[in-house]
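Listing of start.tsv; format and content: TSV, C-alpha atoms.
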chain	number	residue	atom	x	y	z
H	1	MET	CA	19.24	3.33	-3.74
H	2	ALA	CA	15.57	2.47	-3.24
H	3	ILE	CA	13.57	1.88	-6.41
H	4	GLU	CA	11.40	4.91	-7.08
H	5	VAL	CA	9.42	3.85	-10.17
H	6	PHE	CA	7.35	0.65	-10.45
H	7	ASN	CA	5.30	-0.68	-13.37
H	8	ARG	CA	3.60	-4.00	-12.75
H	9	TYR	CA	0.41	-6.02	-12.47
H	10	GLU	CA	-0.83	-6.94	-9.02
H	11	LYS	CA	-3.12	-9.79	-8.01
H	12	LYS	CA	-4.47	-10.10	-4.47
H	13	TYR	CA	-5.67	-13.08	-2.47
H	14	ARG	CA	-7.17	-13.48	1.00
H	15	ILE	CA	-5.78	-16.47	2.89
H	16	ARG	CA	-5.78	-17.89	6.40
H	17	ASP	CA	-2.87	-18.57	8.72
H	18	ASP	CA	-2.63	-22.29	7.97
H	19	THR	CA	-2.47	-21.62	4.23
H	20	TYR	CA	0.20	-18.97	4.72
H	21	LYS	CA	2.45	-21.38	6.61
H	22	LYS	CA	2.14	-24.04	3.92
H	23	LEU	CA	2.70	-21.52	1.14
H	24	ARG	CA	5.85	-20.10	2.72
H	25	GLU	CA	7.36	-23.57	2.82
H	26	THR	CA	6.31	-24.41	-0.74
H	27	LEU	CA	7.47	-21.10	-2.19
H	28	SER	CA	10.90	-21.43	-0.60
H	29	SER	CA	11.84	-23.81	-3.43
H	30	PHE	CA	11.32	-21.07	-5.99
H	31	MET	CA	11.67	-17.84	-4.03
H	32	GLU	CA	13.74	-16.31	-1.27
H	33	ALA	CA	12.81	-13.82	1.41
H	34	ASP	CA	14.02	-10.26	0.99
H	35	GLU	CA	16.58	-8.88	3.41
H	36	HIS	CA	13.88	-7.68	5.83
H	37	SER	CA	11.97	-10.97	5.88
H	38	LYS	CA	14.59	-13.57	6.72
H	39	ASP	CA	13.52	-16.46	8.97
H	40	GLY	CA	9.87	-15.40	8.71
H	41	ASP	CA	10.49	-11.90	10.04
H	42	PHE	CA	8.21	-9.01	9.13
H	43	TYR	CA	8.71	-5.32	8.58
H	44	THR	CA	6.06	-2.70	9.21
H	45	ILE	CA	4.79	-0.28	6.57
H	46	CYS	CA	2.95	2.86	7.68
H	47	ASN	CA	0.90	5.10	5.38
H	48	ILE	CA	-1.09	8.30	5.47
H	49	TYR	CA	-3.62	8.44	2.61
H	50	TYR	CA	-4.71	11.80	1.23
H	51	ASP	CA	-8.05	12.50	-0.38
H	52	THR	CA	-10.53	15.25	-1.19
H	53	PRO	CA	-13.23	16.50	1.23
H	54	ASP	CA	-15.78	14.27	-0.51
H	55	ASN	CA	-13.37	11.27	-0.68
H	56	TYR	CA	-13.29	11.42	-4.46
H	57	LEU	CA	-10.15	9.33	-4.95
H	58	ILE	CA	-11.24	6.34	-2.92
H	59	ARG	CA	-14.84	6.49	-4.15
H	60	LYS	CA	-13.59	6.42	-7.72
H	61	SER	CA	-11.33	3.51	-6.87
H	62	ILE	CA	-13.98	1.28	-5.31
H	63	ASP	CA	-16.52	2.17	-8.02
H	64	GLY	CA	-14.44	0.14	-10.44
H	65	SER	CA	-13.12	2.97	-12.58
H	66	ILE	CA	-10.63	1.90	-15.24
H	67	TYR	CA	-8.30	4.68	-14.03
H	68	LYS	CA	-7.46	5.08	-10.34
H	69	GLU	CA	-4.97	7.18	-8.46
H	70	LYS	CA	-3.86	7.61	-4.85
H	71	LEU	CA	-1.49	9.85	-2.95
H	72	ARG	CA	0.14	8.64	0.23
H	73	LEU	CA	2.98	9.34	2.60
H	74	ARG	CA	4.84	6.14	3.54
H	75	SER	CA	7.41	5.09	6.11
H	76	TYR	CA	8.92	1.80	7.12
H	77	GLY	CA	8.20	1.54	10.82
H	78	THR	CA	7.55	4.47	13.14
H	79	VAL	CA	9.66	7.50	12.32
H	80	THR	CA	10.75	10.68	14.05
H	81	PRO	CA	10.32	14.24	12.70
H	82	GLU	CA	13.96	14.13	11.56
H	83	ASP	CA	13.57	11.05	9.35
H	84	LYS	CA	13.12	10.68	5.61
H	85	VAL	CA	9.92	9.11	4.29
H	86	PHE	CA	8.44	8.42	0.87
H	87	LEU	CA	5.85	10.58	-0.86
H	88	GLU	CA	4.13	8.37	-3.41
H	89	ILE	CA	1.66	8.68	-6.23
H	90	LYS	CA	0.07	5.41	-7.31
H	91	LYS	CA	-1.90	5.06	-10.52
H	92	LYS	CA	-3.72	2.10	-11.97
H	93	TYR	CA	-4.96	1.93	-15.54
H	94	ASN	CA	-6.61	-1.18	-16.93
H	95	ARG	CA	-4.97	-3.33	-14.21
H	96	LEU	CA	-1.44	-2.00	-14.81
H	97	VAL	CA	-0.06	-0.36	-11.67
H	98	ASN	CA	2.38	2.54	-11.87
H	99	LYS	CA	3.93	3.74	-8.63
H	100	ARG	CA	6.29	6.69	-8.43
H	101	ARG	CA	7.84	8.04	-5.27
H	102	THR	CA	10.47	10.32	-3.88
H	103	LYS	CA	12.21	10.53	-0.56
H	104	ILE	CA	11.44	13.61	1.49
H	105	LEU	CA	12.06	14.77	5.04
H	106	LEU	CA	8.97	14.16	7.18
H	107	PRO	CA	8.48	17.79	8.31
H	108	ASP	CA	8.95	18.98	4.72
H	109	ALA	CA	6.30	16.52	3.58
H	110	TYR	CA	3.82	17.67	6.21
H	111	GLU	CA	4.39	21.32	5.33
H	112	TYR	CA	4.25	20.72	1.58
H	113	LEU	CA	1.00	18.79	1.72
H	114	ARG	CA	-0.51	21.41	4.01
H	115	THR	CA	0.53	24.54	2.08
H	116	LYS	CA	1.17	23.18	-1.46
H	117	ASP	CA	4.46	25.10	-1.46
H	118	LYS	CA	6.85	22.73	-3.18
H	119	PRO	CA	10.09	22.25	-1.22
H	120	GLU	CA	13.51	22.75	-2.70
H	121	VAL	CA	14.73	19.60	-4.41
H	122	ARG	CA	17.54	18.03	-2.40
H	123	PRO	CA	20.10	15.49	-3.65
H	124	PHE	CA	18.20	12.54	-2.17
H	125	MET	CA	14.92	13.55	-3.84
H	126	ASN	CA	13.51	12.65	-7.26
H	127	GLY	CA	12.70	16.00	-8.86
H	128	GLN	CA	10.66	14.54	-11.73
H	129	VAL	CA	8.42	12.54	-9.41
H	130	LEU	CA	8.02	15.56	-7.14
H	131	GLN	CA	6.85	17.58	-10.13
H	132	GLU	CA	4.20	14.98	-10.94
H	133	ILE	CA	3.01	14.96	-7.34
H	134	ASP	CA	2.94	18.75	-7.34
H	135	TYR	CA	0.62	18.73	-10.33
H	136	MET	CA	-1.74	16.34	-8.55
H	137	ILE	CA	-1.94	18.27	-5.28
H	138	HIS	CA	-2.57	21.55	-7.11
H	139	ARG	CA	-5.49	20.19	-9.10
H	140	MET	CA	-7.14	18.62	-6.05
H	141	ASP	CA	-7.98	19.77	-2.55
H	142	LEU	CA	-6.22	16.99	-0.67
H	143	SER	CA	-5.88	16.46	3.07
H	144	PRO	CA	-4.87	13.51	5.29
H	145	LYS	CA	-7.72	11.04	5.73
H	146	VAL	CA	-6.46	7.70	7.05
H	147	PHE	CA	-3.49	6.17	8.83
H	148	LEU	CA	-2.98	2.59	7.68
H	149	SER	CA	-0.20	0.21	8.72
H	150	TYR	CA	0.54	-3.48	8.30
H	151	ASP	CA	3.26	-6.05	8.86
H	152	ARG	CA	4.75	-7.47	5.67
H	153	CYS	CA	6.81	-10.46	4.66
H	154	ALA	CA	8.16	-10.27	1.11
H	155	MET	CA	9.69	-12.85	-1.22
H	156	PHE	CA	11.46	-12.58	-4.58
H	157	GLY	CA	11.84	-15.13	-7.36
H	158	LYS	CA	15.23	-16.85	-7.37
H	159	GLU	CA	15.43	-16.69	-11.17
H	160	ASN	CA	13.47	-13.48	-11.63
H	161	ARG	CA	13.75	-10.95	-8.81
H	162	ASP	CA	11.10	-8.78	-10.47
H	163	PHE	CA	8.56	-11.45	-9.55
H	164	ARG	CA	7.46	-10.70	-6.00
H	165	VAL	CA	5.00	-12.12	-3.48
H	166	THR	CA	4.07	-10.28	-0.29
H	167	PHE	CA	2.08	-11.34	2.75
H	168	ASP	CA	0.44	-8.65	4.88
H	169	ARG	CA	-1.16	-9.03	8.31
H	170	ASN	CA	-2.14	-6.88	11.30
H	171	ILE	CA	-3.68	-4.18	9.13
H	172	THR	CA	-4.34	-1.29	11.51
H	173	THR	CA	-6.22	1.91	10.69
H	174	ARG	CA	-7.35	5.14	12.31
H	175	ARG	CA	-8.89	8.45	11.23
H	176	TYR	CA	-7.29	10.57	13.96
H	177	ASP	CA	-3.68	11.41	14.86
H	178	LEU	CA	-2.88	11.47	11.15
H	179	GLY	CA	0.89	11.56	11.32
H	180	LEU	CA	3.54	8.93	10.73
H	181	HIS	CA	5.44	9.94	13.86
H	182	TYR	CA	2.61	9.19	16.30
H	183	GLY	CA	3.07	5.44	16.30
H	184	ILE	CA	1.07	2.36	15.34
H	185	TYR	CA	-2.36	1.96	16.91
H	186	GLY	CA	-5.99	1.93	15.84
H	187	ASP	CA	-8.58	-0.57	14.66
H	188	SER	CA	-7.91	-3.94	13.04
H	189	LEU	CA	-9.16	-4.29	9.49
H	190	LEU	CA	-8.97	-8.09	9.19
H	191	GLU	CA	-9.56	-11.08	11.41
H	192	GLU	CA	-6.58	-12.16	13.50
H	193	ASP	CA	-5.61	-15.16	11.35
H	194	GLU	CA	-6.30	-13.51	7.99
H	195	TRP	CA	-3.64	-12.43	5.49
H	196	ILE	CA	-3.56	-10.48	2.25
H	197	MET	CA	-1.26	-12.12	-0.25
H	198	GLU	CA	-0.23	-10.04	-3.22
H	199	VAL	CA	1.49	-11.31	-6.35
H	200	LYS	CA	3.38	-8.62	-8.25
H	201	ILE	CA	4.38	-9.37	-11.82
H	202	GLU	CA	5.70	-7.42	-14.80
H	203	HIS	CA	4.47	-9.89	-17.41
H	204	ALA	CA	3.00	-13.40	-17.15
H	205	MET	CA	2.86	-15.31	-13.89
H	206	PRO	CA	5.36	-18.21	-13.73
H	207	LEU	CA	3.80	-21.58	-14.47
H	208	TRP	CA	4.98	-23.00	-11.15
H	209	MET	CA	3.17	-20.21	-9.29
H	210	THR	CA	-0.03	-20.87	-11.22
H	211	GLU	CA	0.20	-24.55	-10.31
H	212	ILE	CA	0.80	-23.77	-6.63
H	213	LEU	CA	-2.24	-21.49	-6.49
H	214	SER	CA	-4.32	-24.19	-8.17
H	215	ASP	CA	-3.09	-26.92	-5.82
H	216	TYR	CA	-3.98	-24.82	-2.76
H	217	ARG	CA	-7.25	-23.64	-4.35
H	218	ILE	CA	-6.32	-20.01	-3.85
H	219	TYR	CA	-8.32	-17.64	-6.02
H	220	PRO	CA	-7.97	-13.90	-6.72
H	221	ALA	CA	-10.01	-11.59	-4.52
H	222	SER	CA	-10.56	-7.91	-5.13
H	223	PHE	CA	-9.17	-6.11	-2.10
H	224	SER	CA	-7.99	-2.59	-1.36
H	225	LYS	CA	-6.74	-1.76	2.13
H	226	TYR	CA	-7.83	1.87	1.90
H	227	GLY	CA	-11.01	0.90	0.06
H	228	THR	CA	-11.95	-1.69	2.69
H	229	GLU	CA	-11.29	0.82	5.46
H	230	TYR	CA	-13.45	3.41	3.70
H	231	LYS	CA	-16.36	0.99	3.30
H	232	LYS	CA	-16.09	0.09	6.98
H	233	TYR	CA	-15.99	3.78	7.90
H	234	ILE	CA	-19.08	4.60	5.81
H	235	ALA	CA	-20.97	1.64	7.29
H	236	GLY	CA	-20.14	2.95	10.77
H	237	GLN	CA	-21.32	6.43	9.86
H	238	GLN	CA	-24.61	5.08	8.54
H	239	PHE	CA	-25.12	2.97	11.66
H	240	SER	CA	-24.46	5.99	13.89
H	241	ARG	CA	-27.06	8.01	12.00
H	242	GLN	CA	-29.64	5.24	12.36
H	243	ILE	CA	-29.00	5.01	16.08
H	244	GLY	CA	-29.37	8.77	16.39
H	245	GLU	CA	-32.67	8.91	14.52
Please go through the file and, once you have read it, give me the structure as structure tokens.
Amino acid sequence: MAIEVFNRYEKKYRIRDDTYKKLRETLSSFMEADEHSKDGDFYTICNIYYDTPDNYLIRKSIDGSIYKEKLRLRSYGTVTPEDKVFLEIKKKYNRLVNKRRTKILLPDAYEYLRTKDKPEVRPFMNGQVLQEIDYMIHRMDLSPKVFLSYDRCAMFGKENRDFRVTFDRNITTRRYDLGLHYGIYGDSLLEEDEWIMEVKIEHAMPLWMTEILSDYRIYPASFSKYGTEYKKYIAGQQFSRQIGE
């Protein structure tokens, strides 16, 4: 059964292709790839982010608020209308990330988020998480805003599988065709050889990981995929207005 509740700290880093290749080799002494990332393979994560008409959730996030929350619909790869996906609520308070999600049929998710009529809880769903999501969507006027996908390679600690490192590339976004079943296309968010590395920890970072980061001179960088897309979108809007004046 897929894990539906996460509590952890997350640190992000921006690295280049050459650093990624060296890191993968170095980390292999301490970590192993998950079942979807063997032999350097990647799996694709697709998301639809929901927000208010005035983009309150993402504006609050990038303004540096101590409390942040997001609602998204997530699939692994392109799905069909008959597939199950994940409906997730992600909260961050004082750097601690809490993510809760439930499986849901894709058409049920679309209908629920459009009408706010909570679907009947099925055996594969997490009723408690659905209740929390229901509270959120009834206190906010949420609608789909952004499609965002990326290819991910994930690794787990050999001694502590709760310690996780992920590498994301090919971040693709669009603000049209906001459905998970349409496929993967849109604009690139990063340069071609750029990666987002994320270290996910429940407590302290292992000493060996700290030493590796120091040896490679890799330093934390504040980065939000949705936040970066939103800033890029706003900059484009402002440029369009200037051109039109």
Spatial neighbours of stretch 85-98 of chain H, 6 Å, only C-alpha atoms, chain gap at least 5 places, as a VMD selection string: chain H and resid 6 to 9 66 to 75 103 to 104 106
Please list as a PyMOL selection string every residue within 10 Å of H:Phe30, counting all atoms listed in the file and excluding residues in the same chain fewer than 5 positions away. chain H and resi 25+155-160+208-209
So that I can check the surroundings of H:Pro220, please list as a list in words every protein, DNA and RNA residue that reaches within 9 Å of it, counting only C-alpha atoms and ignoring chain neighbours fewer than 5 positions away. Lys11, Lys12, Tyr13 and Arg14 of chain H
Hey, could you pull the box centre and edge lengths for stretch 40-50 of chain H, axis-aligned, 3 Å padding per side, all listed atoms, to one decimal in Å, as lines of an AutoDock Vina configuration file?
center_x = 2.9
center_y = -1.8
center_z = 5.6
size_x = 21.2
size_y = 33.2
size_z = 14.8
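Reported to one decimal place, the separation of atom CA of H:Asp34 from atom CA of H:Pro107 is 29.5 Å.
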Provide stretch 177-205 of chain H of the preceding structure as a file containing C-alpha atoms, as a PDB file, in the first residue's frame.
ATOM      1  CA  ASP H 177      -5.401  21.791 -20.794  1.00  0.00           C
ATOM      2  CA  LEU H 178      -5.469  21.386 -17.023  1.00  0.00           C
ATOM      3  CA  GLY H 179      -6.075  17.676 -16.801  1.00  0.00           C
ATOM      4  CA  LEU H 180      -3.803  14.761 -15.962  1.00  0.00           C
ATOM      5  CA  HIS H 181      -5.145  12.706 -18.864  1.00  0.00           C
ATOM      6  CA  TYR H 182      -4.083  15.145 -21.597  1.00  0.00           C
ATOM      7  CA  GLY H 183      -0.429  14.183 -21.587  1.00  0.00           C
ATOM      8  CA  ILE H 184       2.915  15.835 -20.881  1.00  0.00           C
ATOM      9  CA  TYR H 185       3.735  18.996 -22.805  1.00  0.00           C
ATOM     10  CA  GLY H 186       4.273  22.677 -22.121  1.00  0.00           C
ATOM     11  CA  ASP H 187       7.137  25.015 -21.245  1.00  0.00           C
ATOM     12  CA  SER H 188      10.418  24.053 -19.596  1.00  0.00           C
ATOM     13  CA  LEU H 189      11.025  25.598 -16.197  1.00  0.00           C
ATOM     14  CA  LEU H 190      14.776  24.931 -15.930  1.00  0.00           C
ATOM     15  CA  GLU H 191      17.757  24.877 -18.228  1.00  0.00           C
ATOM     16  CA  GLU H 192      18.373  21.582 -20.011  1.00  0.00           C
ATOM     17  CA  ASP H 193      21.266  20.433 -17.806  1.00  0.00           C
ATOM     18  CA  GLU H 194      19.812  21.677 -14.513  1.00  0.00           C
ATOM     19  CA  TRP H 195      18.445  19.457 -11.742  1.00  0.00           C
ATOM     20  CA  ILE H 196      16.588  19.975  -8.489  1.00  0.00           C
ATOM     21  CA  MET H 197      17.967  17.745  -5.778  1.00  0.00           C
ATOM     22  CA  GLU H 198      15.841  17.314  -2.692  1.00  0.00           C
ATOM     23  CA  VAL H 199      16.949  15.769   0.583  1.00  0.00           C
ATOM     24  CA  LYS H 200      14.076  14.458   2.696  1.00  0.00           C
ATOM     25  CA  ILE H 201      14.774  13.732   6.342  1.00  0.00           C
ATOM     26  CA  GLU H 202      12.749  13.010   9.471  1.00  0.00           C
ATOM     27  CA  HIS H 203      15.420  14.148  11.910  1.00  0.00           C
ATOM     28  CA  ALA H 204      19.089  15.096  11.459  1.00  0.00           C
ATOM     29  CA  MET H 205      20.916  14.639   8.182  1.00  0.00           C
TER      30      MET H 205
END
